[in-house]
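final.txt (compact mmCIF, C-alpha atoms) appears below.
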# COMPACT_ATOMS: atom_id res chain seq x y z
CA MET A 1 57.72 11.30 24.06
CA GLY A 2 54.93 12.65 21.97
CA SER A 3 52.73 15.39 23.25
CA LEU A 4 49.25 14.63 24.46
CA PRO A 5 46.49 15.39 21.95
CA PRO A 6 44.60 18.60 22.60
CA SER A 7 41.43 18.13 24.57
CA LEU A 8 38.36 17.77 22.43
CA ASP A 9 35.43 20.08 23.03
CA LEU A 10 32.38 17.88 23.17
CA PRO A 11 29.28 19.39 21.59
CA SER A 12 26.80 20.66 24.08
CA PRO A 13 23.17 19.54 23.84
CA PRO A 14 20.97 21.78 21.69
CA PRO A 15 19.35 24.56 23.67
CA LYS A 16 15.70 24.23 24.44
CA ASN A 17 13.35 26.20 22.27
CA PRO A 18 12.39 29.53 23.79
CA GLN A 19 8.88 29.67 25.17
CA HIS A 20 7.41 31.52 22.19
CA GLU A 21 8.44 28.69 19.77
CA ARG A 22 6.53 25.95 21.54
CA VAL A 23 3.21 24.56 20.36
CA SER A 24 0.62 23.70 22.96
CA GLU A 25 -1.80 20.80 22.68
CA THR A 26 -4.69 23.27 22.71
CA THR A 27 -3.21 25.23 19.81
CA LEU A 28 -2.73 22.08 17.75
CA PHE A 29 -6.24 20.86 18.54
CA ASN A 30 -7.72 24.19 17.47
CA LEU A 31 -5.81 24.10 14.19
CA PHE A 32 -7.06 20.61 13.36
CA LYS A 33 -10.55 21.71 14.29
CA ALA A 34 -10.29 24.77 12.06
CA GLN A 35 -8.99 22.71 9.15
CA GLN A 36 -11.88 20.29 9.63
CA GLY A 37 -14.26 23.24 9.35
CA HIS A 38 -12.59 24.45 6.14
CA LEU A 39 -12.84 20.97 4.62
CA ASN A 40 -16.49 20.71 5.65
CA TYR A 41 -17.11 23.99 3.85
CA PHE A 42 -15.72 22.40 0.69
CA PHE A 43 -17.92 19.30 1.00
CA GLN A 44 -21.04 21.31 1.77
CA ASN A 45 -20.62 23.73 -1.14
CA LEU A 46 -19.17 21.55 -3.91
CA ASP A 47 -21.32 21.62 -7.04
CA LEU A 48 -21.92 17.89 -7.61
CA SER A 49 -23.20 18.51 -11.13
CA GLN A 50 -19.81 19.99 -12.04
CA ALA A 51 -18.02 17.12 -10.35
CA LEU A 52 -20.17 14.59 -12.22
CA SER A 53 -19.57 16.25 -15.60
CA PHE A 54 -15.84 16.23 -14.90
CA THR A 55 -15.88 12.56 -13.89
CA GLU A 56 -17.92 11.48 -16.91
CA THR A 57 -15.61 13.43 -19.24
CA LEU A 58 -12.60 11.56 -17.88
CA LEU A 59 -14.47 8.25 -18.03
CA ASN A 60 -15.26 8.76 -21.72
CA SER A 61 -11.74 9.81 -22.64
CA ARG A 62 -10.33 8.04 -25.69
CA GLY A 63 -6.81 9.25 -25.11
CA THR A 64 -4.52 10.12 -22.22
CA ILE A 65 -5.64 12.22 -19.27
CA PHE A 66 -2.87 14.76 -18.61
CA TYR A 67 -2.64 16.77 -15.41
CA SER A 68 -0.70 19.96 -14.97
CA GLY A 69 -0.06 22.61 -12.35
CA VAL A 70 2.62 24.82 -10.85
CA GLY A 71 4.12 24.71 -7.37
CA LYS A 72 2.04 22.93 -4.73
CA SER A 73 -0.85 22.49 -7.18
CA GLY A 74 1.63 20.81 -9.52
CA PHE A 75 2.59 18.29 -6.84
CA VAL A 76 -1.09 17.51 -6.29
CA ALA A 77 -1.73 17.18 -10.04
CA ASN A 78 1.20 14.78 -10.36
CA LYS A 79 -0.02 12.66 -7.46
CA ILE A 80 -3.56 12.39 -8.84
CA SER A 81 -2.17 11.38 -12.22
CA GLN A 82 -0.16 8.63 -10.53
CA THR A 83 -3.30 7.41 -8.78
CA LEU A 84 -5.01 7.00 -12.15
CA VAL A 85 -1.99 5.17 -13.56
CA SER A 86 -2.08 2.74 -10.62
CA LEU A 87 -5.70 2.00 -11.54
CA GLY A 88 -4.75 1.16 -15.11
CA ILE A 89 -6.02 4.46 -16.55
CA ARG A 90 -3.80 6.20 -19.08
CA SER A 91 -2.57 9.35 -17.43
CA ALA A 92 0.55 11.49 -17.10
CA PHE A 93 1.78 14.72 -15.56
CA LEU A 94 2.73 17.49 -17.99
CA SER A 95 5.06 20.17 -16.67
CA PRO A 96 3.85 23.51 -18.06
CA LEU A 97 7.44 24.75 -18.39
CA ASP A 98 8.71 21.64 -20.17
CA ALA A 99 5.58 21.59 -22.33
CA LEU A 100 6.55 24.95 -23.81
CA HIS A 101 10.01 23.59 -24.61
CA GLY A 102 9.02 20.50 -26.58
CA ASP A 103 7.03 18.21 -24.29
CA ILE A 104 3.74 19.50 -25.70
CA GLY A 105 4.42 17.20 -28.62
CA VAL A 106 3.04 14.36 -26.52
CA LEU A 107 -0.49 15.81 -26.73
CA SER A 108 -3.06 14.71 -29.28
CA ALA A 109 -6.66 15.60 -30.14
CA ALA A 110 -7.94 12.57 -28.22
CA ASP A 111 -6.39 13.75 -24.94
CA ILE A 112 -7.68 15.73 -21.98
CA LEU A 113 -5.57 18.27 -20.10
CA VAL A 114 -6.62 19.06 -16.53
CA LEU A 115 -5.10 22.24 -15.10
CA PHE A 116 -4.97 22.71 -11.32
CA SER A 117 -4.67 26.26 -9.99
CA LYS A 118 -6.10 27.80 -6.84
CA SER A 119 -6.26 31.31 -8.30
CA GLY A 120 -6.86 30.47 -11.93
CA SER A 121 -4.33 33.13 -12.88
CA THR A 122 -1.14 31.07 -13.00
CA GLU A 123 0.89 32.58 -15.85
CA GLU A 124 2.61 29.34 -16.87
CA LEU A 125 -0.77 27.62 -17.35
CA LEU A 126 -2.26 30.56 -19.20
CA ARG A 127 0.69 30.50 -21.63
CA LEU A 128 0.20 26.76 -22.10
CA ILE A 129 -3.49 26.96 -23.04
CA PRO A 130 -3.26 28.33 -26.62
CA CYS A 131 -0.50 25.85 -27.47
CA ALA A 132 -2.50 22.93 -26.08
CA ARG A 133 -5.66 24.13 -27.84
CA ALA A 134 -3.77 24.14 -31.13
CA LYS A 135 -3.20 20.40 -30.60
CA GLY A 136 -6.95 19.85 -30.28
CA VAL A 137 -6.82 18.88 -26.60
CA TYR A 138 -9.92 19.20 -24.40
CA LEU A 139 -9.06 21.66 -21.61
CA ILE A 140 -10.42 21.52 -18.06
CA SER A 141 -9.51 23.93 -15.27
CA VAL A 142 -9.89 23.11 -11.57
CA THR A 143 -9.80 26.34 -9.56
CA SER A 144 -11.03 27.94 -6.34
CA VAL A 145 -11.26 31.65 -7.15
CA PRO A 146 -14.52 32.57 -8.98
CA LYS A 147 -14.48 34.14 -12.45
CA ASN A 148 -10.80 33.58 -13.20
CA ALA A 149 -8.85 33.77 -16.45
CA LEU A 150 -8.07 30.06 -16.57
CA ALA A 151 -11.72 29.07 -16.29
CA ASN A 152 -12.67 31.49 -19.07
CA ALA A 153 -10.03 30.02 -21.38
CA CYS A 154 -10.88 26.33 -20.87
CA ASP A 155 -13.67 24.13 -22.22
CA MET A 156 -14.79 23.16 -18.71
CA ASN A 157 -14.21 24.48 -15.21
CA VAL A 158 -14.69 22.81 -11.86
CA HIS A 159 -14.93 25.19 -8.93
CA LEU A 160 -13.53 23.85 -5.64
CA PRO A 161 -15.13 25.94 -2.86
CA LEU A 162 -12.47 27.35 -0.53
CA GLU A 163 -13.46 29.15 2.65
CA ARG A 164 -9.90 30.22 3.42
CA GLU A 165 -6.44 28.78 3.98
CA LEU A 166 -5.61 27.49 7.44
CA CYS A 167 -2.54 29.74 7.35
CA PRO A 168 -3.12 32.74 9.68
CA PHE A 169 -2.23 35.06 6.77
CA ASP A 170 -4.57 33.15 4.42
CA LEU A 171 -1.59 32.68 2.09
CA ALA A 172 0.15 29.29 2.47
CA PRO A 173 -1.79 26.79 0.29
CA VAL A 174 -2.49 24.17 2.94
CA THR A 175 -6.28 23.96 2.69
CA SER A 176 -6.59 24.56 -1.06
CA THR A 177 -4.16 21.74 -1.85
CA ALA A 178 -5.97 19.46 0.60
CA ILE A 179 -9.30 19.91 -1.19
CA GLN A 180 -7.59 19.49 -4.58
CA MET A 181 -6.22 16.15 -3.42
CA VAL A 182 -9.53 15.03 -1.92
CA PHE A 183 -11.38 15.98 -5.09
CA GLY A 184 -8.92 14.39 -7.52
CA ASP A 185 -8.53 11.11 -5.66
CA THR A 186 -12.26 10.78 -5.02
CA VAL A 187 -12.91 11.14 -8.74
CA ALA A 188 -10.20 8.53 -9.37
CA ILE A 189 -12.04 6.03 -7.16
CA ALA A 190 -15.29 6.85 -8.97
CA LEU A 191 -13.54 5.96 -12.24
CA MET A 192 -12.24 2.77 -10.65
CA GLY A 193 -15.78 1.73 -9.74
CA ALA A 194 -17.22 2.67 -13.13
CA ARG A 195 -14.59 0.56 -14.89
CA ASN A 196 -15.31 -2.40 -12.58
CA LEU A 197 -11.65 -2.79 -11.69
CA THR A 198 -11.10 -6.09 -9.88
CA LYS A 199 -8.69 -6.86 -7.05
CA ASP A 200 -6.62 -9.00 -9.39
CA GLN A 201 -6.35 -6.19 -11.95
CA TYR A 202 -5.37 -3.73 -9.24
CA ALA A 203 -2.77 -6.12 -7.87
CA ALA A 204 -1.31 -6.61 -11.35
CA ASN A 205 -0.40 -2.92 -11.30
CA HIS A 206 1.41 -3.31 -7.94
CA PRO A 207 3.43 -6.53 -8.34
CA ALA A 208 6.40 -5.46 -6.20
CA GLY A 209 4.55 -3.83 -3.35
CA ARG A 210 2.87 -5.40 -0.37
CA ILE A 211 -0.54 -4.59 -1.86
CA GLY A 212 0.19 -6.59 -4.99
CA LYS A 213 1.90 -9.44 -3.21
CA SER A 214 -1.02 -9.90 -0.84
CA LEU A 215 -3.41 -10.10 -3.79
CA ILE A 216 -1.24 -12.03 -6.25
CA PHE A 217 0.91 -14.54 -4.41
CA LYS A 218 -0.60 -17.89 -3.56
CA VAL A 219 0.66 -20.45 -1.07
CA LYS A 220 2.21 -22.52 -3.87
CA ASP A 221 4.31 -19.48 -4.86
CA VAL A 222 5.97 -19.15 -1.44
CA MET A 223 5.95 -22.67 0.02
CA LYS A 224 8.90 -25.02 0.49
CA LYS A 225 8.60 -28.32 -1.34
CA GLN A 226 10.25 -31.64 -2.21
CA ASP A 227 13.76 -31.89 -0.70
CA GLU A 228 13.13 -28.81 1.46
CA LEU A 229 10.47 -30.62 3.49
CA PRO A 230 11.35 -31.98 6.96
CA VAL A 231 9.54 -35.31 6.63
CA CYS A 232 9.64 -38.48 8.71
CA LYS A 233 7.58 -41.63 9.33
CA GLU A 234 5.45 -42.15 12.42
CA GLY A 235 7.54 -45.14 13.50
CA ASP A 236 10.81 -43.17 13.51
CA LEU A 237 12.37 -42.58 16.91
CA ILE A 238 12.24 -38.95 18.01
CA MET A 239 15.95 -38.78 18.88
CA GLU A 240 16.90 -40.11 15.45
CA GLN A 241 15.04 -37.25 13.77
CA LEU A 242 16.70 -34.34 15.60
CA VAL A 243 18.92 -33.54 12.63
CA GLU A 244 15.93 -33.45 10.27
CA LEU A 245 14.01 -31.32 12.78
CA THR A 246 16.69 -28.63 12.82
CA ARG A 247 18.32 -28.98 9.39
CA LYS A 248 15.40 -27.79 7.24
CA GLY A 249 14.76 -24.64 9.27
CA CYS A 250 11.01 -25.13 9.57
CA GLY A 251 10.86 -25.79 13.29
CA CYS A 252 8.94 -29.01 12.80
CA LEU A 253 8.72 -32.49 11.38
CA LEU A 254 5.97 -33.45 8.95
CA VAL A 255 4.83 -36.99 9.70
CA ILE A 256 3.77 -38.95 6.60
CA ASP A 257 2.86 -42.49 5.57
CA GLU A 258 4.21 -44.48 2.62
CA GLU A 259 1.91 -42.63 0.17
CA TYR A 260 3.02 -39.23 1.48
CA HIS A 261 -0.30 -38.59 3.22
CA LEU A 262 0.05 -36.17 6.13
CA LEU A 263 -0.47 -37.88 9.48
CA GLY A 264 0.60 -35.10 11.82
CA THR A 265 3.31 -32.66 12.86
CA PHE A 266 5.99 -32.65 15.55
CA THR A 267 7.50 -29.29 16.50
CA ASP A 268 10.59 -28.23 18.40
CA GLY A 269 8.15 -27.12 21.09
CA ASP A 270 6.75 -30.66 21.23
CA LEU A 271 10.32 -31.92 21.64
CA ARG A 272 10.94 -29.70 24.67
CA ARG A 273 7.65 -30.69 26.27
CA THR A 274 8.25 -34.40 25.63
CA LEU A 275 11.77 -34.23 27.06
CA LYS A 276 10.51 -32.45 30.17
CA ALA A 277 7.70 -34.95 30.72
CA SER A 278 9.50 -38.17 29.74
CA GLY A 279 13.13 -37.64 30.61
CA GLU A 280 15.31 -40.54 29.45
CA ALA A 281 12.23 -42.36 28.14
CA ILE A 282 12.31 -40.03 25.15
CA PHE A 283 15.01 -42.24 23.62
CA LYS A 284 12.41 -44.96 23.11
CA LEU A 285 9.50 -42.77 21.94
CA THR A 286 8.48 -42.55 18.28
CA VAL A 287 7.41 -39.42 16.49
CA GLY A 288 3.98 -40.95 15.91
CA GLU A 289 3.39 -41.36 19.63
CA MET A 290 3.89 -37.68 20.39
CA CYS A 291 2.91 -35.84 17.21
CA ASN A 292 -0.10 -33.55 16.72
CA ARG A 293 -2.62 -35.53 14.68
CA LYS A 294 -4.80 -32.55 13.90
CA PRO A 295 -2.53 -29.75 12.69
CA ARG A 296 -3.74 -26.68 10.83
CA THR A 297 -3.23 -27.10 7.10
CA ILE A 298 -3.81 -25.11 3.94
CA GLY A 299 -4.18 -25.77 0.21
CA PRO A 300 -1.70 -24.67 -2.48
CA ASP A 301 -4.16 -22.38 -4.27
CA ALA A 302 -5.06 -20.37 -1.16
CA MET A 303 -3.77 -16.79 -1.07
CA ALA A 304 -0.51 -16.35 0.81
CA VAL A 305 -2.07 -13.63 2.95
CA GLU A 306 -4.75 -16.17 3.97
CA ALA A 307 -1.99 -18.48 5.18
CA MET A 308 -0.61 -15.73 7.40
CA GLN A 309 -4.07 -15.03 8.81
CA LYS A 310 -4.57 -18.73 9.51
CA MET A 311 -1.24 -18.92 11.34
CA GLU A 312 -2.19 -15.99 13.56
CA SER A 313 -5.74 -17.17 14.31
CA PRO A 314 -6.90 -18.35 17.79
CA PRO A 315 -6.53 -20.24 20.00
CA SER A 316 -2.75 -19.82 19.55
CA ALA A 317 -0.47 -18.69 16.76
CA VAL A 318 1.65 -21.20 14.83
CA GLN A 319 4.82 -20.71 12.79
CA PHE A 320 4.03 -22.99 9.84
CA LEU A 321 1.26 -24.69 7.87
CA PRO A 322 1.61 -28.00 6.01
CA VAL A 323 0.34 -27.65 2.44
CA ILE A 324 -1.83 -30.56 1.30
CA ASP A 325 -3.97 -31.37 -1.72
CA ARG A 326 -7.55 -32.64 -1.65
CA GLN A 327 -6.35 -36.21 -1.03
CA ASN A 328 -4.42 -35.07 2.08
CA THR A 329 -1.14 -35.63 0.25
CA LEU A 330 1.70 -33.46 1.53
CA ILE A 331 3.05 -31.18 -1.19
CA GLY A 332 4.73 -28.40 0.77
CA ILE A 333 5.07 -26.25 3.86
CA VAL A 334 4.63 -22.51 4.27
CA THR A 335 6.34 -20.79 7.19
CA LEU A 336 5.80 -17.43 8.83
CA HIS A 337 9.43 -16.58 8.20
CA GLY A 338 8.99 -17.36 4.52
CA LEU A 339 5.93 -15.13 4.25
CA VAL A 340 7.68 -12.25 5.96
CA SER A 341 10.74 -12.71 3.73
CA ALA A 342 8.44 -12.52 0.70
CA GLY A 343 7.28 -9.09 1.89
CA LEU A 344 3.79 -10.08 3.00

If you took the structure in this file and wrote it as structure tokens, what would it be?
Amino acid sequence: MGSLPPSLDLPSPPPKNPQHERVSETTLFNLFKAQQGHLNYFFQNLDLSQALSFTETLLNSRGTIFYSGVGKSGFVANKISQTLVSLGIRSAFLSPLDALHGDIGVLSAADILVLFSKSGSTEELLRLIPCARAKGVYLISVTSVPKNALANACDMNVHLPLERELCPFDLAPVTSTAIQMVFGDTVAIALMGARNLTKDQYAANHPAGRIGKSLIFKVKDVMKKQDELPVCKEGDLIMEQLVELTRKGCGCLLVIDEEYHLLGTFTDGDLRRTLKASGEAIFKLTVGEMCNRKPRTIGPDAMAVEAMQKMESPPSAVQFLPVIDRQNTLIGIVTLHGLVSAGL
């Protein structure tokens, strides 16, 4: 006989944090309140004339707007650049380290280089400036410490007022990066407005995401049509249409006349209610006798997101909408499941 396997030591649950590692609700509230105060200081002391000059300079750019920074400021610079790209504005992030090892070749005299640095003394950015200036680039620094080396070396400086960091040691860049992000993204939206960017143009830059789909896709792009439609005539017996009711996966029958005009709908819910009320008499009932003659419908050129809103509207939600043209001719059906599957 084989020996029994050694007993396994089950892991014990992790020990509770000691008392001094817990965060109270009051502490968290006070931190949020303090951060709110630091952000208010930024808003109240920002020089709007500087912000406007910066915004107009970007708006009038003939080339690419490059952003650069190191560490946390670099992450913020990269994110702001991506915001501009999503708005159809030519922009890119330039790593200061990679720039000094060949990537600076991407710069041209028509470009703008925006340098984010809290202190304005970031060595990597200061080393980048003479190389970028040799390419004829317009240099803008965005800093929070007054009278810094970066501001003195650039063509323009925007000062972001910083009361202090939320960090108790006034060291971790958690407030300075917040105001950098607020400033950069607010300017991006100002550029969006100045360029009169439309919803359709914005959606074209987000074709795979929910934002783009909700603004691009129309009902005709997501509807079932032709052989996928669960159609029947009003004179058809209900029990003879059970296969059609379930086979197409729409949860309903679309009742039409000879010219394919929509007369009504009959759902699986209608079937249950009719069976409960009529019993064996259901075998003699036609679809036309029990169908809904006034169903909600939608047109093929309506936005898909509008179809979803119409399904969810009062007095009660529905799972599908027949799609009809202006002559009330049935051309398709859009289902809630289909919209969800499309990512809407």

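Between atom CA of A:Thr57 and atom CA of A:Pro96 lies a distance of 21.9 Å.
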
Extract, using only C-alpha atoms, all DNA, RNA and protein residues at most 10 Å from A:Leu128, discarding same-chain residues fewer than 4 positions from it, and format them as a ChimeraX atom specification. /A:68,95-97,99-100,104,115,123-124,132-133

Output C-alpha atoms for every residue in that selection, as a compact mmCIF listing (two decimals), in the frame of the given file.
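Okay, again_6.txt is ready:
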# COMPACT_ATOMS: atom_id res chain seq x y z
CA SER A 68 -0.70 19.96 -14.97
CA SER A 95 5.06 20.17 -16.67
CA PRO A 96 3.85 23.51 -18.06
CA LEU A 97 7.44 24.75 -18.39
CA ALA A 99 5.58 21.59 -22.33
CA LEU A 100 6.55 24.95 -23.81
CA ILE A 104 3.74 19.50 -25.70
CA LEU A 115 -5.10 22.24 -15.10
CA GLU A 123 0.89 32.58 -15.85
CA GLU A 124 2.61 29.34 -16.87
CA ALA A 132 -2.50 22.93 -26.08
CA ARG A 133 -5.66 24.13 -27.84

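Proximity of A:Asp301, A:Glu306, A:Glu165, A:Asp185 to A:Ser81, computed with only C-alpha atoms, is greatest for A:Asp185.
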
Please indicate the distance in Å from atom CA of A:Thr329 to atom CA of A:Glu259, rounded to one decimal place. 7.6 Å

Can you pull out the residues contacting stretch 334-336 of chain A? Cut-off 6 Å, using all atoms listed in the file, and skip same-chain residues under 3 positions away; I want them as a list in words. Met223, Gln319, Phe320, Leu321 and Leu339 of chain A

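Picture a line from atom CA of A:Tyr202 to atom CA of A:Leu87; it runs 6.2 Å.
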
Generate a file for stretch 181-194 of chain A, containing N, CA, C and O atoms, as an mmCIF file, in the first residue's frame.
data_model
loop_
_atom_site.group_PDB
_atom_site.id
_atom_site.type_symbol
_atom_site.label_atom_id
_atom_site.label_comp_id
_atom_site.auth_asym_id
_atom_site.auth_seq_id
_atom_site.Cartn_x
_atom_site.Cartn_y
_atom_site.Cartn_z
ATOM 1 N N MET A 181 -2.323 68.473 -15.474
ATOM 2 C CA MET A 181 -3.328 67.755 -16.258
ATOM 3 C C MET A 181 -4.547 68.643 -16.520
ATOM 4 O O MET A 181 -5.064 68.695 -17.638
ATOM 5 N N VAL A 182 -5.002 69.327 -15.476
ATOM 6 C CA VAL A 182 -6.166 70.208 -15.625
ATOM 7 C C VAL A 182 -5.860 71.298 -16.651
ATOM 8 O O VAL A 182 -6.685 71.584 -17.531
ATOM 9 N N PHE A 183 -4.693 71.883 -16.552
ATOM 10 C CA PHE A 183 -4.321 72.953 -17.482
ATOM 11 C C PHE A 183 -4.245 72.434 -18.914
ATOM 12 O O PHE A 183 -4.861 72.996 -19.828
ATOM 13 N N GLY A 184 -3.501 71.348 -19.119
ATOM 14 C CA GLY A 184 -3.293 70.836 -20.473
ATOM 15 C C GLY A 184 -4.568 70.385 -21.144
ATOM 16 O O GLY A 184 -4.804 70.688 -22.320
ATOM 17 N N ASP A 185 -5.416 69.684 -20.413
ATOM 18 C CA ASP A 185 -6.653 69.183 -21.013
ATOM 19 C C ASP A 185 -7.675 70.290 -21.233
ATOM 20 O O ASP A 185 -8.473 70.238 -22.170
ATOM 21 N N THR A 186 -7.664 71.302 -20.361
ATOM 22 C CA THR A 186 -8.573 72.435 -20.560
ATOM 23 C C THR A 186 -8.200 73.204 -21.829
ATOM 24 O O THR A 186 -9.065 73.598 -22.612
ATOM 25 N N VAL A 187 -6.912 73.388 -22.038
ATOM 26 C CA VAL A 187 -6.441 74.036 -23.263
ATOM 27 C C VAL A 187 -6.824 73.196 -24.479
ATOM 28 O O VAL A 187 -7.224 73.736 -25.523
ATOM 29 N N ALA A 188 -6.728 71.878 -24.346
ATOM 30 C CA ALA A 188 -7.098 70.992 -25.460
ATOM 31 C C ALA A 188 -8.564 71.188 -25.853
ATOM 32 O O ALA A 188 -8.901 71.239 -27.038
ATOM 33 N N ILE A 189 -9.445 71.328 -24.865
ATOM 34 C CA ILE A 189 -10.863 71.540 -25.161
ATOM 35 C C ILE A 189 -11.087 72.925 -25.768
ATOM 36 O O ILE A 189 -11.965 73.103 -26.615
ATOM 37 N N ALA A 190 -10.276 73.896 -25.348
ATOM 38 C CA ALA A 190 -10.367 75.227 -25.962
ATOM 39 C C ALA A 190 -10.007 75.142 -27.446
ATOM 40 O O ALA A 190 -10.651 75.774 -28.299
ATOM 41 N N LEU A 191 -8.985 74.353 -27.771
ATOM 42 C CA LEU A 191 -8.589 74.164 -29.166
ATOM 43 C C LEU A 191 -9.689 73.433 -29.938
ATOM 44 O O LEU A 191 -9.966 73.751 -31.101
ATOM 45 N N MET A 192 -10.315 72.480 -29.283
ATOM 46 C CA MET A 192 -11.418 71.739 -29.899
ATOM 47 C C MET A 192 -12.538 72.684 -30.291
ATOM 48 O O MET A 192 -13.086 72.604 -31.397
ATOM 49 N N GLY A 193 -12.884 73.603 -29.393
ATOM 50 C CA GLY A 193 -13.941 74.568 -29.676
ATOM 51 C C GLY A 193 -13.549 75.542 -30.768
ATOM 52 O O GLY A 193 -14.357 75.870 -31.648
ATOM 53 N N ALA A 194 -12.307 76.011 -30.737
ATOM 54 C CA ALA A 194 -11.847 76.979 -31.728
ATOM 55 C C ALA A 194 -11.818 76.384 -33.140
ATOM 56 O O ALA A 194 -12.029 77.087 -34.123
#
